[in-house]
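Participant: Before we start, here is the structure in question, set down as structure tokens.
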Amino acid sequence: MNAQTQAPHIIVTEVGTRDGFQAEPDFIPTERKVEVINGLIDAGVQSFETTSFVSPRAVPQMADAMQVMAQVRRKPGVRLTGLVPNARGAERAAAARVDMMACFVSASETHCQANLNKSKADALADVHEFTPIARQFNIPVRGAVATAFGCPFEGEVATQSVLDVIASYHAAGIRHVSLGDTTGMATPPVVRRTVKAIQQQFPDVLIALHFHNTRGIGLANVMAGLDLGVVEYESSIGGLGGCPFAPGATGNICTEDLVYLLHESGFHTGIDLEAVAAVARSVQDWMGKPLPGQYMKSGPRLKQSDLSSVRRAVG
Ligand code: ZN
């Protein structure tokens with residue numbers, strides 16, 4: 001980025017109430033989900049992956065999708081997205097008045113089978129079946145590509161496999177994709193290779209990046225995306241979430257840590273960092289376990305510490 005040009009506005013999409021809570025074994029009460037979203041809307045977050053319209057039998061944590069959508073505060077300029085697996089889900093999402101539908105297909109055939117219990121071809125056929133419903137209700141669709149940077153079963157994922165999923169999305173009229181680092185296998189070189197290939201082949205497609213911090217380099221991957229001009233990132237409050245294939249591993253990159261990085265790097269988000277950190281602390285409190293987010297524990301970089309509180313001679 002050249003110093004003369006103004007730093008772009010970065011969209012931070014909060015996925016904690018979907019991706020984060022979905023990893024929790026115990027049902028999170030609907031009021032808690034709504035409280036998190038409303039608190040983050042007040043803090044200036046403008047984009048949410050709010051819930052999922054998958055079958056409640058398959059994912060009981062998301063069984064309250066309709067109630068969550070009915071209870072969250074609506075505010076102009078705030079986009080509430082619902083995950084949609086098929087035509088049935090699209091009908092429910094439209095009835096719940098989502099602002100955007102998100103579909104998801106894995107770049108890896110094995111992960112697609114394991115996660116969705118269907119082949120990539122069948123999952124893409126479902127997308128082509130439901131996109132006309134979204135269009136009928138004038139609801140835009142974002143296409144997520146899961147395991148875009150690596151697969152826990154197949155290892156390296158060929159860039160071509162990612163491009164093939166996006167080509168199918170493109171044919172269904174989708175112009176907004178999110179590359180999911182489902183199990184935290186992205187590294188800056190893999191991000192650069194994949195994003196550059198998409199930018200070259202699909203210049204009319206808006207790219208969002210969805211990183212997990214499974215191996216501790218989630219924000220380094222964000223930096224790689226920023227260098228390539230990517231302006232949308234998905235993260236979860238407090239770093240909620242996990243990885244089903246790595247017990248104990250951290251989840252999504254953390255929203256307040258991401259916002260801290262973006263602001264310190266001169267980007268605009270429209271988000272009040274301290275207000276987001278306060279929401280993270282309250283989620284940590286009622287969940288009753290430490291969350292991975294760092295900023296909520298440390299506070300601002302130029303926070304003035306009291307000299308008398310310094311412990312001496314401890315190395
Ligand atoms: Zn995820």
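The chains in the structure tokens are called A, B, ... from first to last as shown; in each chain the residues are counted from 1, and the ligands are counted from 1 in the order shown.
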Do you have, as a tab-separated table, the list of residues of chain A lying at most 9 Å from ligand 1, each with its nearest atom pair and that distance in Å to one decimal, counting only C-alpha atoms and all ligand atoms and ordered by chain then number?

Facilitator:
```
residue	atom	partner	partner_atom_place_in_ligand_line	distance
A:Val15	CA	ligand 1	1 (Zn)	7.9
A:Arg18	CA	ligand 1	1 (Zn)	8.9
A:Asp19	CA	ligand 1	1 (Zn)	5.4
A:Gly20	CA	ligand 1	1 (Zn)	7.7
A:Ala146	CA	ligand 1	1 (Zn)	8.0
A:Gly180	CA	ligand 1	1 (Zn)	6.1
A:Asp181	CA	ligand 1	1 (Zn)	6.5
A:Thr182	CA	ligand 1	1 (Zn)	4.8
A:Thr183	CA	ligand 1	1 (Zn)	7.5
A:Gly184	CA	ligand 1	1 (Zn)	8.6
A:His210	CA	ligand 1	1 (Zn)	6.4
A:Phe211	CA	ligand 1	1 (Zn)	6.8
A:His212	CA	ligand 1	1 (Zn)	6.3
A:Glu234	CA	ligand 1	1 (Zn)	8.4
A:Ser235	CA	ligand 1	1 (Zn)	8.4
A:Gly241	CA	ligand 1	1 (Zn)	7.9
A:Gly242	CA	ligand 1	1 (Zn)	8.4
A:Cys243	CA	ligand 1	1 (Zn)	8.3
A:Gly251	CA	ligand 1	1 (Zn)	7.6
A:Asn252	CA	ligand 1	1 (Zn)	6.0
```

Participant: Take the residues from that selection and put them in a file with C-alpha atoms, as a compact mmCIF listing (two decimals), in the first residue's frame.

Facilitator:
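So result.txt came out as:
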```txt
# COMPACT_ATOMS: atom_id res chain seq x y z
CA VAL A 15 -18.54 -15.86 13.02
CA ARG A 18 -21.96 -19.92 14.27
CA ASP A 19 -18.46 -21.35 13.80
CA GLY A 20 -17.43 -20.74 17.42
CA ALA A 146 -13.92 -25.18 3.10
CA GLY A 180 -12.06 -21.31 4.76
CA ASP A 181 -8.99 -22.50 6.60
CA THR A 182 -11.19 -25.07 8.28
CA THR A 183 -8.48 -26.88 10.23
CA GLY A 184 -5.84 -24.16 10.42
CA HIS A 210 -11.61 -17.21 7.07
CA PHE A 211 -8.65 -18.30 9.18
CA HIS A 212 -8.35 -20.52 12.20
CA GLU A 234 -13.87 -13.68 9.32
CA SER A 235 -13.09 -14.06 13.02
CA GLY A 241 -14.20 -22.33 18.42
CA GLY A 242 -11.97 -25.29 17.90
CA CYS A 243 -10.81 -27.79 15.39
CA GLY A 251 -10.45 -21.89 17.09
CA ASN A 252 -11.05 -19.03 14.69
```

Participant: Select from range 121-302 of chain A everything DSSP, run on the backbone, classes as strand (DSSP E), then give the selection as a ChimeraX atom specification.

Facilitator: /A:141-146,176-180,206-210,232-235

Participant: Those residues with C-alpha atoms, as a PDB file, in the first residue's frame please?

Facilitator:
```
ATOM      1  CA  VAL A 141     -25.126 -15.387  -1.606  1.00  0.00           C
ATOM      2  CA  ARG A 142     -21.564 -15.849  -0.382  1.00  0.00           C
ATOM      3  CA  GLY A 143     -19.898 -19.119  -1.309  1.00  0.00           C
ATOM      4  CA  ALA A 144     -17.537 -20.589   1.253  1.00  0.00           C
ATOM      5  CA  VAL A 145     -14.805 -22.966   0.139  1.00  0.00           C
ATOM      6  CA  ALA A 146     -13.917 -25.181   3.104  1.00  0.00           C
ATOM      7  CA  HIS A 176     -18.507 -13.309  -3.263  1.00  0.00           C
ATOM      8  CA  VAL A 177     -16.424 -16.175  -1.904  1.00  0.00           C
ATOM      9  CA  SER A 178     -14.895 -16.962   1.440  1.00  0.00           C
ATOM     10  CA  LEU A 179     -11.834 -19.190   1.641  1.00  0.00           C
ATOM     11  CA  GLY A 180     -12.064 -21.311   4.764  1.00  0.00           C
ATOM     12  CA  LEU A 206     -14.926 -10.474  -3.966  1.00  0.00           C
ATOM     13  CA  ILE A 207     -12.700 -12.573  -1.691  1.00  0.00           C
ATOM     14  CA  ALA A 208     -13.065 -12.978   2.072  1.00  0.00           C
ATOM     15  CA  LEU A 209     -10.607 -14.953   4.199  1.00  0.00           C
ATOM     16  CA  HIS A 210     -11.610 -17.214   7.068  1.00  0.00           C
ATOM     17  CA  GLU A 232     -12.837  -8.954   4.347  1.00  0.00           C
ATOM     18  CA  TYR A 233     -11.834 -11.291   7.202  1.00  0.00           C
ATOM     19  CA  GLU A 234     -13.871 -13.681   9.322  1.00  0.00           C
ATOM     20  CA  SER A 235     -13.093 -14.062  13.017  1.00  0.00           C
TER      21      SER A 235
END
```

Participant: Between CA of Ala43 in chain A and CA of Thr17 in chain A, what is the distance in Å, rounded to a tenth?

Facilitator: 15.7 Å

Participant: Please provide as a JSON list (two decimals) with all heavy atoms, in the first residue's frame all residues within 7 Å of Ala90 in chain A, with the sequence filter that same-chain residues fewer than 3 positions apart are discarded (counting only C-alpha atoms).

Facilitator:
```
[["chain", "number", "residue", "atom", "x", "y", "z"],
["A", 84, "VAL", "N", -26.48, -21.82, 4.71],
["A", 84, "VAL", "CA", -27.56, -22.54, 4.05],
["A", 84, "VAL", "C", -26.99, -23.74, 3.29],
["A", 84, "VAL", "O", -26.13, -23.55, 2.43],
["A", 84, "VAL", "CB", -28.29, -21.58, 3.07],
["A", 84, "VAL", "CG1", -29.17, -22.34, 2.11],
["A", 84, "VAL", "CG2", -29.09, -20.54, 3.85],
["A", 86, "ASN", "N", -28.94, -26.15, 1.57],
["A", 86, "ASN", "CA", -29.78, -26.66, 0.47],
["A", 86, "ASN", "C", -31.06, -25.81, 0.35],
["A", 86, "ASN", "O", -31.23, -24.82, 1.07],
["A", 86, "ASN", "CB", -30.15, -28.13, 0.75],
["A", 86, "ASN", "CG", -30.71, -28.31, 2.16],
["A", 86, "ASN", "OD1", -31.35, -27.40, 2.70],
["A", 86, "ASN", "ND2", -30.46, -29.46, 2.76],
["A", 87, "ALA", "N", -31.94, -26.23, -0.55],
["A", 87, "ALA", "CA", -33.15, -25.46, -0.83],
["A", 87, "ALA", "C", -34.03, -25.31, 0.41],
["A", 87, "ALA", "O", -34.58, -24.23, 0.67],
["A", 87, "ALA", "CB", -33.94, -26.12, -1.97],
["A", 93, "ALA", "N", -34.09, -19.72, 5.74],
["A", 93, "ALA", "CA", -33.28, -18.50, 5.88],
["A", 93, "ALA", "C", -34.01, -17.29, 5.33],
["A", 93, "ALA", "O", -33.97, -16.20, 5.92],
["A", 93, "ALA", "CB", -31.94, -18.69, 5.18],
["A", 94, "ALA", "N", -34.71, -17.47, 4.21],
["A", 94, "ALA", "CA", -35.47, -16.36, 3.63],
["A", 94, "ALA", "C", -36.61, -15.96, 4.57],
["A", 94, "ALA", "O", -36.86, -14.77, 4.79],
["A", 94, "ALA", "CB", -36.01, -16.75, 2.25],
["A", 130, "PHE", "N", -30.46, -24.04, -4.79],
["A", 130, "PHE", "CA", -31.03, -23.03, -3.87],
["A", 130, "PHE", "C", -30.76, -21.58, -4.29],
["A", 130, "PHE", "O", -31.50, -20.69, -3.87],
["A", 130, "PHE", "CB", -30.62, -23.31, -2.41],
["A", 130, "PHE", "CG", -29.40, -22.58, -1.90],
["A", 130, "PHE", "CD1", -29.40, -21.20, -1.73],
["A", 130, "PHE", "CD2", -28.26, -23.29, -1.53],
["A", 130, "PHE", "CE1", -28.29, -20.54, -1.23],
["A", 130, "PHE", "CE2", -27.15, -22.63, -1.03],
["A", 130, "PHE", "CZ", -27.16, -21.24, -0.90],
["A", 133, "ILE", "N", -33.67, -19.51, -5.33],
["A", 133, "ILE", "CA", -34.55, -19.10, -4.21],
["A", 133, "ILE", "C", -34.01, -17.80, -3.61],
["A", 133, "ILE", "O", -34.77, -16.85, -3.37],
["A", 133, "ILE", "CB", -34.62, -20.21, -3.13],
["A", 133, "ILE", "CG1", -35.19, -21.49, -3.75],
["A", 133, "ILE", "CG2", -35.44, -19.74, -1.92],
["A", 133, "ILE", "CD1", -35.13, -22.71, -2.84],
["A", 134, "ALA", "N", -32.69, -17.74, -3.40],
["A", 134, "ALA", "CA", -32.08, -16.52, -2.86],
["A", 134, "ALA", "C", -32.36, -15.35, -3.79],
["A", 134, "ALA", "O", -32.72, -14.25, -3.35],
["A", 134, "ALA", "CB", -30.58, -16.74, -2.68]]
```

Participant: Find the residues around Ala197 in chain A up to 12 Å (only C-alpha atoms counted), leave out those fewer than 2 positions away in its own chain, and share them as a list in words.

Facilitator: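 Non-adjacent residues within range: Ala158, Thr159, Gln160, Ser161, Val162, Leu163, Asp164, Ile166, Val190, Val191, Arg192, Arg193, Thr194, Val195, Gln199, Gln200, Gln201, Phe202, Pro203, Val205, Ile207 and Leu228 of chain A.
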
Participant: I need the residues of range 6-225 of chain A that end up classed as alpha helix (DSSP H) by DSSP on the backbone, written out as a short mmCIF file (atom, residue, chain, number, x, y, z; two decimals) with N, CA and C atoms, in the first residue's frame.

Facilitator:
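File out_17.cif, as written:
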```cif
data_model
loop_
_atom_site.label_atom_id
_atom_site.label_comp_id
_atom_site.auth_asym_id
_atom_site.auth_seq_id
_atom_site.Cartn_x
_atom_site.Cartn_y
_atom_site.Cartn_z
N PHE A 21 -19.59 -21.21 18.39
CA PHE A 21 -20.51 -21.95 19.27
C PHE A 21 -20.78 -23.35 18.75
N GLN A 22 -20.69 -23.54 17.43
CA GLN A 22 -20.97 -24.87 16.88
C GLN A 22 -19.98 -25.91 17.42
N THR A 30 -30.29 -19.46 23.57
CA THR A 30 -30.57 -18.48 22.52
C THR A 30 -30.30 -17.05 23.00
N GLU A 31 -30.68 -16.75 24.27
CA GLU A 31 -30.48 -15.38 24.79
C GLU A 31 -29.00 -15.00 24.78
N ARG A 32 -28.14 -15.98 25.07
CA ARG A 32 -26.70 -15.69 25.06
C ARG A 32 -26.22 -15.37 23.65
N LYS A 33 -26.68 -16.14 22.69
CA LYS A 33 -26.28 -15.90 21.29
C LYS A 33 -26.72 -14.49 20.86
N VAL A 34 -27.97 -14.16 21.21
CA VAL A 34 -28.53 -12.86 20.83
C VAL A 34 -27.76 -11.73 21.53
N GLU A 35 -27.43 -11.95 22.79
CA GLU A 35 -26.69 -10.95 23.58
C GLU A 35 -25.32 -10.65 22.94
N VAL A 36 -24.62 -11.71 22.49
CA VAL A 36 -23.31 -11.52 21.86
C VAL A 36 -23.45 -10.70 20.58
N ILE A 37 -24.42 -11.06 19.75
CA ILE A 37 -24.59 -10.35 18.48
C ILE A 37 -24.98 -8.89 18.74
N ASN A 38 -25.96 -8.67 19.63
CA ASN A 38 -26.38 -7.30 19.92
C ASN A 38 -25.23 -6.47 20.49
N GLY A 39 -24.44 -7.08 21.38
CA GLY A 39 -23.29 -6.36 21.97
C GLY A 39 -22.29 -5.96 20.90
N LEU A 40 -22.07 -6.84 19.94
CA LEU A 40 -21.10 -6.55 18.89
C LEU A 40 -21.66 -5.54 17.88
N ILE A 41 -22.97 -5.58 17.66
CA ILE A 41 -23.57 -4.54 16.79
C ILE A 41 -23.36 -3.18 17.45
N ASP A 42 -23.58 -3.10 18.76
CA ASP A 42 -23.36 -1.85 19.49
C ASP A 42 -21.90 -1.41 19.40
N ALA A 65 -31.96 -21.38 15.05
CA ALA A 65 -31.64 -20.39 14.00
C ALA A 65 -32.77 -19.38 13.79
N MET A 66 -34.01 -19.86 13.71
CA MET A 66 -35.14 -18.95 13.47
C MET A 66 -35.31 -17.98 14.63
N GLN A 67 -35.18 -18.50 15.88
CA GLN A 67 -35.36 -17.65 17.07
C GLN A 67 -34.25 -16.60 17.17
N VAL A 68 -33.01 -17.03 16.89
CA VAL A 68 -31.89 -16.07 16.96
C VAL A 68 -32.14 -14.93 15.97
N MET A 69 -32.53 -15.30 14.75
CA MET A 69 -32.76 -14.27 13.74
C MET A 69 -33.93 -13.36 14.11
N ALA A 70 -34.93 -13.94 14.78
CA ALA A 70 -36.10 -13.14 15.15
C ALA A 70 -35.79 -12.19 16.30
N GLN A 71 -34.81 -12.57 17.14
CA GLN A 71 -34.56 -11.77 18.35
C GLN A 71 -33.42 -10.77 18.24
N ALA A 87 -31.94 -26.23 -0.55
CA ALA A 87 -33.15 -25.46 -0.83
C ALA A 87 -34.03 -25.31 0.41
N ARG A 88 -34.13 -26.38 1.18
CA ARG A 88 -34.94 -26.31 2.40
C ARG A 88 -34.38 -25.25 3.36
N GLY A 89 -33.05 -25.27 3.52
CA GLY A 89 -32.39 -24.27 4.36
C GLY A 89 -32.59 -22.86 3.82
N ALA A 90 -32.58 -22.73 2.49
CA ALA A 90 -32.75 -21.40 1.88
C ALA A 90 -34.15 -20.86 2.15
N GLU A 91 -35.16 -21.74 2.10
CA GLU A 91 -36.53 -21.30 2.41
C GLU A 91 -36.62 -20.79 3.85
N ARG A 92 -36.00 -21.55 4.78
CA ARG A 92 -36.03 -21.13 6.20
C ARG A 92 -35.26 -19.83 6.38
N ALA A 93 -34.09 -19.72 5.74
CA ALA A 93 -33.28 -18.50 5.88
C ALA A 93 -34.01 -17.29 5.33
N ALA A 94 -34.71 -17.47 4.21
CA ALA A 94 -35.47 -16.36 3.63
C ALA A 94 -36.61 -15.96 4.57
N ALA A 95 -37.27 -16.96 5.16
CA ALA A 95 -38.36 -16.67 6.10
C ALA A 95 -37.83 -15.95 7.34
N GLU A 109 -12.44 -33.51 -1.59
CA GLU A 109 -13.54 -34.47 -1.75
C GLU A 109 -13.76 -35.25 -0.44
N THR A 110 -12.67 -35.68 0.19
CA THR A 110 -12.80 -36.49 1.41
C THR A 110 -13.44 -35.69 2.54
N HIS A 111 -13.02 -34.41 2.70
CA HIS A 111 -13.61 -33.59 3.76
C HIS A 111 -15.08 -33.32 3.46
N CYS A 112 -15.41 -33.14 2.20
CA CYS A 112 -16.81 -32.88 1.82
C CYS A 112 -17.67 -34.07 2.25
N GLN A 113 -17.19 -35.26 1.96
CA GLN A 113 -17.93 -36.48 2.35
C GLN A 113 -18.06 -36.55 3.87
N ALA A 114 -16.95 -36.27 4.58
CA ALA A 114 -16.95 -36.40 6.04
C ALA A 114 -17.83 -35.35 6.69
N ASN A 115 -17.80 -34.12 6.16
CA ASN A 115 -18.49 -33.00 6.77
C ASN A 115 -19.96 -32.92 6.35
N LEU A 116 -20.22 -33.10 5.08
CA LEU A 116 -21.58 -32.91 4.55
C LEU A 116 -22.25 -34.23 4.21
N LYS A 120 -18.67 -33.60 -3.53
CA LYS A 120 -18.58 -32.20 -3.95
C LYS A 120 -19.62 -31.92 -5.04
N ALA A 121 -19.74 -32.85 -5.98
CA ALA A 121 -20.68 -32.66 -7.09
C ALA A 121 -22.11 -32.50 -6.55
N ASP A 122 -22.48 -33.35 -5.58
CA ASP A 122 -23.84 -33.25 -5.02
C ASP A 122 -24.02 -31.96 -4.21
N ALA A 123 -22.97 -31.58 -3.46
CA ALA A 123 -23.05 -30.35 -2.66
C ALA A 123 -23.20 -29.13 -3.59
N LEU A 124 -22.47 -29.15 -4.70
CA LEU A 124 -22.57 -28.03 -5.66
C LEU A 124 -23.94 -28.05 -6.35
N ALA A 125 -24.46 -29.23 -6.59
CA ALA A 125 -25.81 -29.31 -7.20
C ALA A 125 -26.84 -28.69 -6.26
N ASP A 126 -26.68 -28.91 -4.95
CA ASP A 126 -27.59 -28.29 -3.97
C ASP A 126 -27.49 -26.77 -4.02
N VAL A 127 -26.25 -26.27 -4.19
CA VAL A 127 -26.06 -24.81 -4.28
C VAL A 127 -26.80 -24.27 -5.51
N HIS A 128 -26.64 -24.96 -6.63
CA HIS A 128 -27.32 -24.50 -7.86
C HIS A 128 -28.84 -24.58 -7.72
N GLU A 129 -29.30 -25.47 -6.85
CA GLU A 129 -30.74 -25.60 -6.65
C GLU A 129 -31.29 -24.48 -5.76
N PHE A 130 -30.46 -24.04 -4.79
CA PHE A 130 -31.03 -23.03 -3.87
C PHE A 130 -30.76 -21.58 -4.29
N THR A 131 -29.73 -21.34 -5.12
CA THR A 131 -29.46 -19.94 -5.48
C THR A 131 -30.64 -19.23 -6.15
N PRO A 132 -31.46 -19.92 -6.98
CA PRO A 132 -32.64 -19.22 -7.52
C PRO A 132 -33.61 -18.75 -6.43
N ILE A 133 -33.67 -19.51 -5.33
CA ILE A 133 -34.55 -19.10 -4.21
C ILE A 133 -34.01 -17.80 -3.61
N ALA A 134 -32.69 -17.74 -3.40
CA ALA A 134 -32.08 -16.52 -2.86
C ALA A 134 -32.36 -15.35 -3.79
N ARG A 135 -32.21 -15.59 -5.09
CA ARG A 135 -32.41 -14.53 -6.08
C ARG A 135 -33.86 -14.03 -6.04
N GLN A 136 -34.77 -14.96 -5.91
CA GLN A 136 -36.20 -14.62 -5.87
C GLN A 136 -36.49 -13.67 -4.70
N THR A 159 -4.59 -25.89 -5.71
CA THR A 159 -5.25 -24.61 -6.00
C THR A 159 -6.38 -24.83 -7.02
N GLN A 160 -6.14 -25.76 -7.95
CA GLN A 160 -7.15 -26.02 -8.98
C GLN A 160 -8.47 -26.51 -8.37
N SER A 161 -8.39 -27.27 -7.28
CA SER A 161 -9.62 -27.75 -6.63
C SER A 161 -10.42 -26.58 -6.08
N VAL A 162 -9.72 -25.57 -5.55
CA VAL A 162 -10.39 -24.36 -5.04
C VAL A 162 -11.02 -23.61 -6.22
N LEU A 163 -10.24 -23.46 -7.30
CA LEU A 163 -10.73 -22.74 -8.48
C LEU A 163 -11.96 -23.43 -9.07
N ASP A 164 -11.98 -24.77 -9.04
CA ASP A 164 -13.11 -25.51 -9.60
C ASP A 164 -14.40 -25.24 -8.82
N VAL A 165 -14.29 -25.18 -7.48
CA VAL A 165 -15.48 -24.88 -6.67
C VAL A 165 -15.96 -23.47 -6.98
N ILE A 166 -14.99 -22.53 -7.07
CA ILE A 166 -15.38 -21.14 -7.35
C ILE A 166 -16.00 -21.01 -8.74
N ALA A 167 -15.48 -21.77 -9.71
CA ALA A 167 -16.06 -21.73 -11.07
C ALA A 167 -17.53 -22.17 -11.03
N SER A 168 -17.82 -23.18 -10.22
CA SER A 168 -19.20 -23.65 -10.12
C SER A 168 -20.07 -22.60 -9.42
N TYR A 169 -19.53 -21.99 -8.35
CA TYR A 169 -20.24 -20.89 -7.68
C TYR A 169 -20.53 -19.76 -8.68
N HIS A 170 -19.48 -19.43 -9.45
CA HIS A 170 -19.59 -18.35 -10.42
C HIS A 170 -20.72 -18.62 -11.41
N ALA A 171 -20.79 -19.88 -11.86
CA ALA A 171 -21.85 -20.27 -12.80
C ALA A 171 -23.23 -20.17 -12.16
N PRO A 188 1.32 -18.19 5.13
CA PRO A 188 1.35 -17.06 4.19
C PRO A 188 1.65 -17.45 2.74
N PRO A 189 2.61 -18.34 2.45
CA PRO A 189 2.83 -18.69 1.04
C PRO A 189 1.62 -19.38 0.40
N VAL A 190 0.93 -20.23 1.16
CA VAL A 190 -0.25 -20.91 0.60
C VAL A 190 -1.36 -19.89 0.35
N VAL A 191 -1.51 -18.93 1.27
CA VAL A 191 -2.52 -17.87 1.10
C VAL A 191 -2.21 -17.07 -0.16
N ARG A 192 -0.95 -16.68 -0.31
CA ARG A 192 -0.57 -15.86 -1.49
C ARG A 192 -0.86 -16.60 -2.78
N ARG A 193 -0.45 -17.86 -2.84
CA ARG A 193 -0.63 -18.67 -4.05
C ARG A 193 -2.12 -18.79 -4.40
N THR A 194 -2.93 -19.09 -3.40
CA THR A 194 -4.35 -19.34 -3.64
C THR A 194 -5.10 -18.06 -4.01
N VAL A 195 -4.87 -17.00 -3.22
CA VAL A 195 -5.59 -15.74 -3.47
C VAL A 195 -5.20 -15.17 -4.83
N LYS A 196 -3.91 -15.20 -5.15
CA LYS A 196 -3.46 -14.66 -6.45
C LYS A 196 -4.12 -15.40 -7.61
N ALA A 197 -4.22 -16.72 -7.50
CA ALA A 197 -4.83 -17.51 -8.58
C ALA A 197 -6.29 -17.12 -8.78
N ILE A 198 -7.01 -16.88 -7.66
CA ILE A 198 -8.43 -16.50 -7.76
C ILE A 198 -8.55 -15.09 -8.35
N GLN A 199 -7.70 -14.19 -7.86
CA GLN A 199 -7.76 -12.81 -8.38
C GLN A 199 -7.51 -12.78 -9.89
N GLN A 200 -6.59 -13.66 -10.36
CA GLN A 200 -6.29 -13.70 -11.78
C GLN A 200 -7.44 -14.29 -12.58
N GLN A 201 -7.97 -15.38 -12.10
CA GLN A 201 -8.99 -16.09 -12.88
C GLN A 201 -10.39 -15.50 -12.72
N GLY A 218 -2.58 -17.47 12.52
CA GLY A 218 -3.76 -16.89 11.87
C GLY A 218 -3.60 -15.44 11.46
N LEU A 219 -3.04 -14.61 12.34
CA LEU A 219 -2.91 -13.19 12.01
C LEU A 219 -1.80 -12.93 10.99
N ALA A 220 -0.79 -13.82 10.95
CA ALA A 220 0.24 -13.71 9.90
C ALA A 220 -0.42 -13.96 8.54
N ASN A 221 -1.39 -14.87 8.51
CA ASN A 221 -2.11 -15.13 7.26
C ASN A 221 -2.97 -13.92 6.86
N VAL A 222 -3.53 -13.23 7.86
CA VAL A 222 -4.28 -12.00 7.58
C VAL A 222 -3.35 -10.98 6.92
N MET A 223 -2.13 -10.84 7.44
CA MET A 223 -1.18 -9.89 6.85
C MET A 223 -0.92 -10.23 5.38
N ALA A 224 -0.81 -11.52 5.08
CA ALA A 224 -0.61 -11.93 3.67
C ALA A 224 -1.81 -11.51 2.84
N GLY A 225 -3.01 -11.67 3.39
CA GLY A 225 -4.22 -11.25 2.67
C GLY A 225 -4.28 -9.75 2.46
#
```

Participant: Of the candidates A:Gly238, A:Phe267, A:Val78, A:Met185, which one gets nearest to Thr214 in chain A if we count only C-alpha atoms?

Facilitator: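 Looking at the shortest contact to Thr214 in chain A, the residue is A:Met185.
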
Participant: What separation in Å, quoted to one decimal, exists between CA of Thr250 in chain A and CA of Gly293 in chain A?

Facilitator: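 CA of Gly293 in chain A lies 9.5 Å from CA of Thr250 in chain A.
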
Participant: Using only C-alpha atoms, which residue out of A:Lys118, A:Ala107, A:Met100, A:Val12 lies closest to Ala148 in chain A?

Facilitator: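 So, comparing all the options, the nearest one is A:Ala107.
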
Participant: Choose the residue, out of A:Asp257, A:Phe27, A:Val72, A:Ser309, that has the smallest atom-to-atom separation from Pro56 in chain A; count only C-alpha atoms.

Facilitator: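 Result for the nearest residue to Pro56 in chain A: A:Phe27.
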